[in-house]
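Engineer: After the structure tokens below, expect a handful of questions from me.
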Amino acid sequence: MLLSPLRSAWHYKYWQRQTAGYLRTYEKNNKLPNNEMVGYVINDKHPKSIRVACDRYMWVMRYKKAFRFTKKIWAHDEHSECRIGDVVRVQPLGYRMGPWKTYVLVRVLHREPRDDELAPRGSEKRNLLLSDATAAGSMASDRVE
């Protein structure tokens, strides 16, 4: 598989298209113990949180075809180890963390190959930009005084 020069344009539909046949045969209906689900990370811009898209395939007798249903959920990632494109396993918490987070990361099943392994997560990039902006703002206020 060729790595694209621009990894920032990664979209979860790309992963769905690449693995559709595999998922349809091996992980039909996404039935795992403890209501666990397998999905892929589509958002890592929040600290200790990830957005996971979980696919479920259902055979519809009327059309004699398997249809894909995607459920997007928020999951708690305690150590901020996941990045966009990683395949993960999540399970329900049994309670909510905040208004949306109801799942917790169990483990990372597959890490998306990256050109730069040391590149920061989306949330870390945001924090760096905010710290740079505040530093620039404080320097500008020092000049005024």
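Chain labels A, B, ... are given in the sequence in which chains occur in the structure tokens; within each chain residues are numbered consecutively from 1, and ligands are likewise numbered from 1 in the order shown.
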Write out, as a tab-separated table, each residue of segment 89-110 of chain A that has an atom at most 10 Å from segment 49-67 of chain A, together with the closest pair of atoms and their distance in Å to one decimal, counting only C-alpha atoms, rows going by chain and rising number.
Structural biologist:
residue	atom	partner	partner_atom	distance
A:Arg89	CA	A:Val52	CA	9.3
A:Val90	CA	A:Val52	CA	8.6
A:Lys101	CA	A:Ser49	CA	8.1
A:Tyr103	CA	A:Val52	CA	9.7
A:Val104	CA	A:Ser49	CA	9.1
A:Leu105	CA	A:Ile50	CA	8.8
Engineer: Could you take the residues named above and write them with N, CA, C and O atoms, as an mmCIF file, in the first residue's frame?
Structural biologist:
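Below you can see result39.cif, which holds the result:
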data_model
loop_
_atom_site.group_PDB
_atom_site.id
_atom_site.type_symbol
_atom_site.label_atom_id
_atom_site.label_comp_id
_atom_site.auth_asym_id
_atom_site.auth_seq_id
_atom_site.Cartn_x
_atom_site.Cartn_y
_atom_site.Cartn_z
ATOM 1 N N ARG A 89 -10.704 -1.148 20.104
ATOM 2 C CA ARG A 89 -11.802 -1.907 20.707
ATOM 3 C C ARG A 89 -12.294 -1.106 21.907
ATOM 4 O O ARG A 89 -11.498 -0.741 22.776
ATOM 5 N N VAL A 90 -13.586 -0.832 21.957
ATOM 6 C CA VAL A 90 -14.158 -0.025 23.037
ATOM 7 C C VAL A 90 -15.286 -0.803 23.707
ATOM 8 O O VAL A 90 -15.892 -1.686 23.093
ATOM 9 N N LYS A 101 -19.558 11.201 26.524
ATOM 10 C CA LYS A 101 -18.666 10.034 26.597
ATOM 11 C C LYS A 101 -19.310 8.906 27.394
ATOM 12 O O LYS A 101 -19.538 9.035 28.581
ATOM 13 N N TYR A 103 -18.271 5.427 26.476
ATOM 14 C CA TYR A 103 -17.445 4.248 26.211
ATOM 15 C C TYR A 103 -16.020 4.495 26.699
ATOM 16 O O TYR A 103 -15.607 5.632 26.889
ATOM 17 N N VAL A 104 -15.281 3.401 26.888
ATOM 18 C CA VAL A 104 -13.882 3.499 27.302
ATOM 19 C C VAL A 104 -13.047 2.616 26.370
ATOM 20 O O VAL A 104 -13.511 1.569 25.904
ATOM 21 N N LEU A 105 -11.832 3.062 26.087
ATOM 22 C CA LEU A 105 -10.923 2.316 25.211
ATOM 23 C C LEU A 105 -10.427 1.066 25.927
ATOM 24 O O LEU A 105 -9.933 1.152 27.056
#
Engineer: Given only C-alpha atoms as the basis, pick out the residue of A:Lys72, A:Pro47, A:Leu93, A:Glu78 nearest to Asn35 of chain A.
Structural biologist: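 Between A:Lys72, A:Pro47, A:Leu93, A:Glu78, the residue approaching Asn35 of chain A most closely is A:Leu93.
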Engineer: Considering only C-alpha atoms, can you say which of A:Gly94, A:Arg126, A:Asp44, A:Ser131 comes closest to Asp77 of chain A?
Structural biologist: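 Of all the options, A:Asp44 lies closest to Asp77 of chain A.
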Engineer: Report, in Å with one decimal, the straight-line distance from atom CA of Leu109 of chain A to atom CA of Tyr40 of chain A.
Structural biologist: 9.5 Å
Engineer: I'd like the neighbourhood of Lys48 of chain A as a PyMOL selection string, where a residue qualifies if any of its atoms comes within 10 Å (using only C-alpha atoms), though same-chain residues fewer than 3 positions away should be ignored.
Structural biologist: chain A and resi 44-45+75-82+123
Engineer: What is the distance, in Å and to one decimal place, between atom CA of Thr102 of chain A and atom CA of Trp74 of chain A?
Structural biologist: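 If I compute the distance from atom CA of Thr102 of chain A to atom CA of Trp74 of chain A, I get 6.7 Å.
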Engineer: Between atom CA of Arg17 of chain A and atom CA of Trp100 of chain A, measure the distance and give it in Å to one decimal.
Structural biologist: 27.7 Å
Engineer: Near Val87 of chain A, within 8 Å and counting only C-alpha atoms, which residues show up once chain neighbours fewer than 5 positions away are dropped, as a list in words?
Structural biologist: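 Once the nearby chain positions are removed, what remains is Val38, Gly39, Tyr40, Val41, Val108, Leu109, His110, Arg111 and Glu112 of chain A.
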